[in-house]
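Student: I'm passing along target31.txt; it holds compact mmCIF, C-alpha atoms.
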# COMPACT_ATOMS: atom_id res chain seq x y z
CA MET A 24 221.35 114.25 10.28
CA LYS A 25 221.65 115.21 6.63
CA LYS A 26 222.73 118.77 5.85
CA SER A 27 220.66 120.57 3.27
CA LEU A 28 221.93 123.13 0.81
CA SER A 29 221.09 126.65 1.86
CA THR A 30 220.01 129.25 -0.64
CA THR A 31 223.25 131.12 0.06
CA LYS A 32 225.33 128.05 -0.74
CA ILE A 33 223.41 127.34 -3.97
CA VAL A 34 223.84 130.96 -5.06
CA PHE A 35 227.58 130.90 -4.29
CA ILE A 36 228.06 127.62 -6.16
CA ALA A 37 226.32 129.16 -9.19
CA MET A 38 228.19 132.45 -8.88
CA LEU A 39 231.60 130.78 -8.60
CA ALA A 40 230.76 128.39 -11.46
CA ALA A 41 229.87 131.41 -13.61
CA LEU A 42 233.10 133.12 -12.58
CA VAL A 43 235.12 130.01 -13.51
CA TYR A 44 233.36 129.97 -16.89
CA VAL A 45 234.05 133.64 -17.63
CA VAL A 46 237.66 133.90 -16.47
CA THR A 47 238.58 130.74 -18.40
CA ILE A 48 237.59 132.51 -21.63
CA PHE A 49 240.25 135.18 -21.16
CA ARG A 50 243.61 133.62 -21.96
CA PHE A 51 246.95 135.26 -22.56
CA PRO A 52 250.16 133.82 -24.01
CA LEU A 53 253.09 133.16 -21.69
CA LEU A 54 256.18 131.10 -22.47
CA GLY A 55 254.53 129.21 -25.30
CA SER A 56 251.38 128.48 -23.30
CA LYS A 57 248.01 130.14 -22.86
CA VAL A 58 247.41 131.07 -19.26
CA HIS A 59 243.98 131.72 -17.76
CA LEU A 60 242.74 132.25 -14.22
CA GLY A 61 239.99 129.63 -14.35
CA ASN A 62 242.11 127.25 -12.28
CA ALA A 63 242.64 129.97 -9.68
CA VAL A 64 238.88 130.35 -9.27
CA CYS A 65 238.54 126.55 -9.04
CA LEU A 66 240.98 126.61 -6.11
CA LEU A 67 239.29 129.69 -4.65
CA SER A 68 236.00 127.77 -4.71
CA GLY A 69 237.53 125.01 -2.60
CA LEU A 70 239.00 127.53 -0.16
CA LEU A 71 235.73 129.43 0.21
CA MET A 72 233.24 126.58 0.29
CA GLY A 73 235.05 123.40 1.23
CA PRO A 74 235.45 120.19 -0.73
CA ALA A 75 231.99 119.27 -2.03
CA ALA A 76 230.52 122.69 -2.84
CA GLY A 77 233.88 124.07 -4.00
CA GLY A 78 234.44 121.04 -6.22
CA LEU A 79 230.94 121.38 -7.65
CA ALA A 80 231.46 125.06 -8.54
CA ALA A 81 234.84 124.28 -10.14
CA GLY A 82 233.53 121.30 -12.10
CA VAL A 83 230.32 122.90 -13.35
CA GLY A 84 231.96 126.16 -14.43
CA SER A 85 234.79 124.41 -16.26
CA ALA A 86 232.55 121.84 -17.92
CA LEU A 87 230.17 124.55 -19.11
CA ASN A 88 233.11 126.49 -20.54
CA ASP A 89 234.24 123.41 -22.47
CA ALA A 90 230.75 122.63 -23.74
CA LEU A 91 229.50 126.13 -24.56
CA TYR A 92 232.62 128.13 -25.37
CA GLY A 93 235.36 125.59 -26.01
CA GLY A 94 233.48 123.56 -28.61
CA TYR A 95 234.19 120.24 -26.90
CA ASP A 96 231.83 117.28 -26.93
CA PHE A 97 229.91 115.88 -23.96
CA ILE A 98 232.60 113.34 -23.08
CA GLN A 99 235.34 116.00 -22.97
CA ALA A 100 233.12 118.26 -20.86
CA ALA A 101 232.36 115.36 -18.49
CA ILE A 102 236.08 114.60 -18.12
CA THR A 103 236.71 118.27 -17.42
CA PHE A 104 233.94 118.24 -14.81
CA VAL A 105 235.55 115.30 -13.00
CA SER A 106 239.10 116.68 -13.11
CA LYS A 107 238.16 120.23 -12.06
CA PHE A 108 235.81 118.88 -9.38
CA ALA A 109 238.77 116.88 -8.05
CA MET A 110 240.91 120.02 -8.09
CA GLY A 111 238.42 122.00 -5.98
CA TRP A 112 237.64 119.00 -3.76
CA VAL A 113 241.29 118.28 -2.90
CA CYS A 114 241.93 121.96 -2.21
CA GLY A 115 238.86 122.26 0.00
CA LYS A 116 239.47 118.96 1.78
CA ILE A 117 243.00 119.96 2.80
CA ALA A 118 242.11 123.55 3.71
CA PHE A 119 239.17 122.40 5.86
CA SER A 120 240.83 119.32 7.43
CA GLY A 121 241.33 119.21 11.16
CA GLY A 122 238.66 121.86 11.74
CA ARG A 123 240.81 124.58 10.15
CA GLU A 124 238.03 125.91 7.90
CA ALA A 125 240.63 127.49 5.60
CA ARG A 126 242.00 129.78 8.32
CA SER A 127 245.66 128.76 8.03
CA HIS A 128 247.69 130.50 5.32
CA GLY A 129 250.22 127.66 5.24
CA TRP A 130 247.58 124.97 4.90
CA ASN A 131 245.70 127.02 2.31
CA LEU A 132 248.86 127.27 0.22
CA ALA A 133 249.47 123.53 0.57
CA ALA A 134 245.84 122.91 -0.36
CA ALA A 135 246.17 125.08 -3.47
CA VAL A 136 249.40 123.34 -4.54
CA LEU A 137 247.95 119.85 -4.09
CA GLY A 138 244.65 120.79 -5.73
CA ALA A 139 246.50 122.22 -8.75
CA LEU A 140 248.80 119.20 -8.99
CA THR A 141 245.76 116.90 -8.82
CA TYR A 142 244.38 118.61 -11.91
CA VAL A 143 247.71 118.45 -13.75
CA ALA A 144 248.01 114.72 -12.98
CA LEU A 145 244.47 114.04 -14.18
CA TYR A 146 245.02 116.12 -17.33
CA MET A 147 248.19 114.17 -18.11
CA LEU A 148 246.30 110.90 -17.49
CA LYS A 149 243.55 112.01 -19.87
CA THR A 150 246.15 112.91 -22.49
CA TYR A 151 247.81 109.51 -22.10
CA VAL A 152 244.53 107.59 -22.35
CA TYR A 153 243.31 109.53 -25.39
CA GLN A 154 246.63 109.40 -27.23
CA SER A 155 247.26 105.71 -26.47
CA PHE A 156 243.84 104.09 -26.52
CA VAL A 157 241.47 106.38 -28.39
CA TYR A 158 243.82 107.54 -31.15
CA GLY A 159 246.20 104.55 -31.01
CA TYR A 160 249.40 106.58 -31.36
CA PRO A 161 252.76 104.90 -30.68
CA MET A 162 254.28 105.47 -27.24
CA ASP A 163 256.95 107.91 -28.45
CA ALA A 164 254.25 110.15 -29.94
CA VAL A 165 252.18 109.85 -26.76
CA LEU A 166 255.13 110.85 -24.58
CA PHE A 167 256.01 113.73 -26.91
CA THR A 168 252.45 115.06 -26.74
CA MET A 169 252.35 114.72 -22.96
CA GLY A 170 255.73 116.45 -22.70
CA SER A 171 254.54 119.32 -24.86
CA LYS A 172 251.39 119.81 -22.73
CA LEU A 173 253.07 119.56 -19.34
CA PRO A 174 254.83 122.97 -19.27
CA GLY A 175 251.63 124.86 -20.07
CA SER A 176 249.73 122.89 -17.46
CA LEU A 177 252.37 123.64 -14.84
CA ILE A 178 252.37 127.35 -15.75
CA ASN A 179 248.58 127.46 -15.27
CA ALA A 180 248.94 125.53 -12.01
CA ALA A 181 251.60 127.91 -10.71
CA ALA A 182 249.51 130.96 -11.63
CA ALA A 183 246.50 129.45 -9.85
CA VAL A 184 248.55 128.62 -6.75
CA VAL A 185 249.79 132.22 -6.54
CA VAL A 186 246.45 133.92 -7.23
CA ALA A 187 243.88 131.80 -5.34
CA PRO A 188 245.29 132.18 -1.80
CA VAL A 189 245.82 135.91 -2.35
CA PHE A 190 242.22 136.39 -3.50
CA TYR A 191 240.97 134.24 -0.62
CA THR A 192 242.95 136.25 1.91
CA GLY A 193 241.47 139.45 0.48
CA LEU A 194 237.88 138.15 0.32
CA ARG A 195 237.64 136.28 3.62
CA PRO A 196 237.51 139.26 6.00
CA ALA A 197 234.73 140.98 4.03
CA LEU A 198 232.72 137.76 3.73
CA GLU A 199 233.15 137.11 7.46
CA ARG A 200 232.02 140.63 8.40
CA ALA A 201 228.96 140.23 6.20
CA GLY A 202 228.17 136.85 7.79
CA VAL A 203 228.36 135.11 4.44
CA LEU A 204 231.09 132.61 5.36
CA LYS A 205 229.07 131.44 8.37
CA ARG A 206 226.04 130.79 6.13
CA LEU A 207 228.21 129.07 3.49
CA ARG A 208 229.86 126.75 5.95
CA GLY A 209 226.93 126.20 8.33
Produce structure tokens that represent the structure in this file.

Tutor:
Amino acid sequence: MKKSLSTTKIVFIAMLAALVYVVTIFRFPLLGSKVHLGNAVCLLSGLLMGPAAGGLAAGVGSALNDALYGGYDFIQAAITFVSKFAMGWVCGKIAFSGGREARSHGWNLAAAVLGALTYVALYMLKTYVYQSFVYGYPMDAVLFTMGSKLPGSLINAAAAVVVAPVFYTGLRPALERAGVLKRLRG
């Protein structure tokens, strides 16, 4: 039997996508990088809603930010959609595996780490493909560019891994008491 999307789930996907969009705008410098909490909300989406809906919220919010605020073209926004969807999907898949439904702090942390690392790997792959094949730069320039982007990506990943499980742990009891989690996951 095919599950349909409930109104609650559609509203939460839209709300989390909007939250991803907004928090990605606010960036602050740290150790030569610009850190934002958009990745944390992408992971939070996976923890709250599971792989498909969480991935959708993460991908849509991030792609809209790229297209409407970031000034990127459709292809860049589509690549962002895929990579951020993967981030939320991996996080949700691990957190919800084995019937856990994101109730294990240890598994939630592992899910956040692997979701964040999935995004970093895909971002590095995108950088490699663009630098090598689209722009045609020599390999030493490609590796230099990738090396310069990796620390900032890892800083954002680490911030997301710290923040998302903490937010989830704070939100879950209130959402359970209100019956929202049951409607989201049912």

Student: List the spatial neighbours of segment 74-88 of chain A as a ChimeraX atom specification - criterion: any atom at most 7 Å away, only C-alpha atoms, same-chain residues fewer than 2 positions off excluded.

Tutor: /A:36-37,39-41,43-44,65,68-69,72,90-93,100-101,103-105,107-116

Student: Pull C-alpha atoms from the residues just selected and write them as a short mmCIF file (atom, residue, chain, number, x, y, z; two decimals), in the coordinates of the input.

Tutor:
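That gives us out09.cif:
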data_model
loop_
_atom_site.label_atom_id
_atom_site.label_comp_id
_atom_site.auth_asym_id
_atom_site.auth_seq_id
_atom_site.Cartn_x
_atom_site.Cartn_y
_atom_site.Cartn_z
CA ILE A 36 228.06 127.62 -6.16
CA ALA A 37 226.32 129.16 -9.19
CA LEU A 39 231.60 130.78 -8.60
CA ALA A 40 230.76 128.39 -11.46
CA ALA A 41 229.87 131.41 -13.61
CA VAL A 43 235.12 130.01 -13.51
CA TYR A 44 233.36 129.97 -16.89
CA CYS A 65 238.54 126.55 -9.04
CA SER A 68 236.00 127.77 -4.71
CA GLY A 69 237.53 125.01 -2.60
CA MET A 72 233.24 126.58 0.29
CA ALA A 90 230.75 122.63 -23.74
CA LEU A 91 229.50 126.13 -24.56
CA TYR A 92 232.62 128.13 -25.37
CA GLY A 93 235.36 125.59 -26.01
CA ALA A 100 233.12 118.26 -20.86
CA ALA A 101 232.36 115.36 -18.49
CA THR A 103 236.71 118.27 -17.42
CA PHE A 104 233.94 118.24 -14.81
CA VAL A 105 235.55 115.30 -13.00
CA LYS A 107 238.16 120.23 -12.06
CA PHE A 108 235.81 118.88 -9.38
CA ALA A 109 238.77 116.88 -8.05
CA MET A 110 240.91 120.02 -8.09
CA GLY A 111 238.42 122.00 -5.98
CA TRP A 112 237.64 119.00 -3.76
CA VAL A 113 241.29 118.28 -2.90
CA CYS A 114 241.93 121.96 -2.21
CA GLY A 115 238.86 122.26 0.00
CA LYS A 116 239.47 118.96 1.78
#

Student: Which residue, A:Leu148, A:Leu207, A:Leu28, A:Ile102, has the smallest gap to Leu166 of chain A when you use all atoms listed in the file?

Tutor: A:Leu148

Student: Mind giving me the straight-line distance from atom CA of Ala118 of chain A to atom CA of Gly61 of chain A in Å, one decimal?

Tutor: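 Distance between the two atoms: 19.2 Å.
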
Student: For Gly129 of chain A, which residue among A:Thr192, A:Phe156, A:Arg50, A:Ala201 is the nearest when counting all atoms listed in the file?

Tutor: A:Thr192

Student: Which of these residues is nearest to His59 of chain A, using all atoms listed in the file: A:Gly94, A:Gly193, A:Gly175, A:Gly122?

Tutor: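 Nearest to His59 of chain A: A:Gly175.
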
Student: Between atom CA of Leu60 of chain A and atom CA of Gly138 of chain A, what is the distance, to one decimal in Å?

Tutor: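 Between these atoms lies a distance of 14.4 Å.
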
Student: Find the residue from A:Val157, A:Ala63, A:Met147, A:Gly202 that sits nearest to Pro174 of chain A; use all atoms listed in the file when measuring.

Tutor: A:Met147

Student: For Gln99 of chain A, which residue out of A:Tyr153, A:Arg126, A:Gly121, A:Leu70 is the nearest one, using only C-alpha atoms?

Tutor: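 Ranked by minimum distance to Gln99 of chain A, first place goes to A:Tyr153.
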
Student: Let me make sure I understand: among A:Thr141, A:Ser127, A:Ser120, A:Ser29, which one has the smallest atom-to-atom distance to Leu66 of chain A if we use only C-alpha atoms?

Tutor: A:Thr141

Student: Quick one: distance from atom CA of Val64 of chain A to atom CA of Val46 of chain A in Å, one decimal?

Tutor: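 Distance between the two atoms: 8.1 Å.
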
Student: Please list as a VMD selection string every residue within 8 Å of Tyr191 of chain A, counting all atoms listed in the file and excluding residues in the same chain fewer than 3 positions away.

Tutor: chain A and resid 67 70 to 71 187 to 188 194 to 195

Student: Quick one: residues within 8 Å of Leu132 of chain A, all atoms listed in the file counted, chain neighbours fewer than 4 positions away excluded, as a PDB file with C-alpha atoms, in the coordinates of the input?

Tutor:
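Listed below is the output, around_27.pdb:
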ATOM      1  CA  HIS A 128     247.690 130.500   5.320  1.00  0.00           C
ATOM      2  CA  VAL A 136     249.400 123.340  -4.540  1.00  0.00           C
ATOM      3  CA  VAL A 184     248.550 128.620  -6.750  1.00  0.00           C
ATOM      4  CA  PRO A 188     245.290 132.180  -1.800  1.00  0.00           C
TER       5      PRO A 188
END
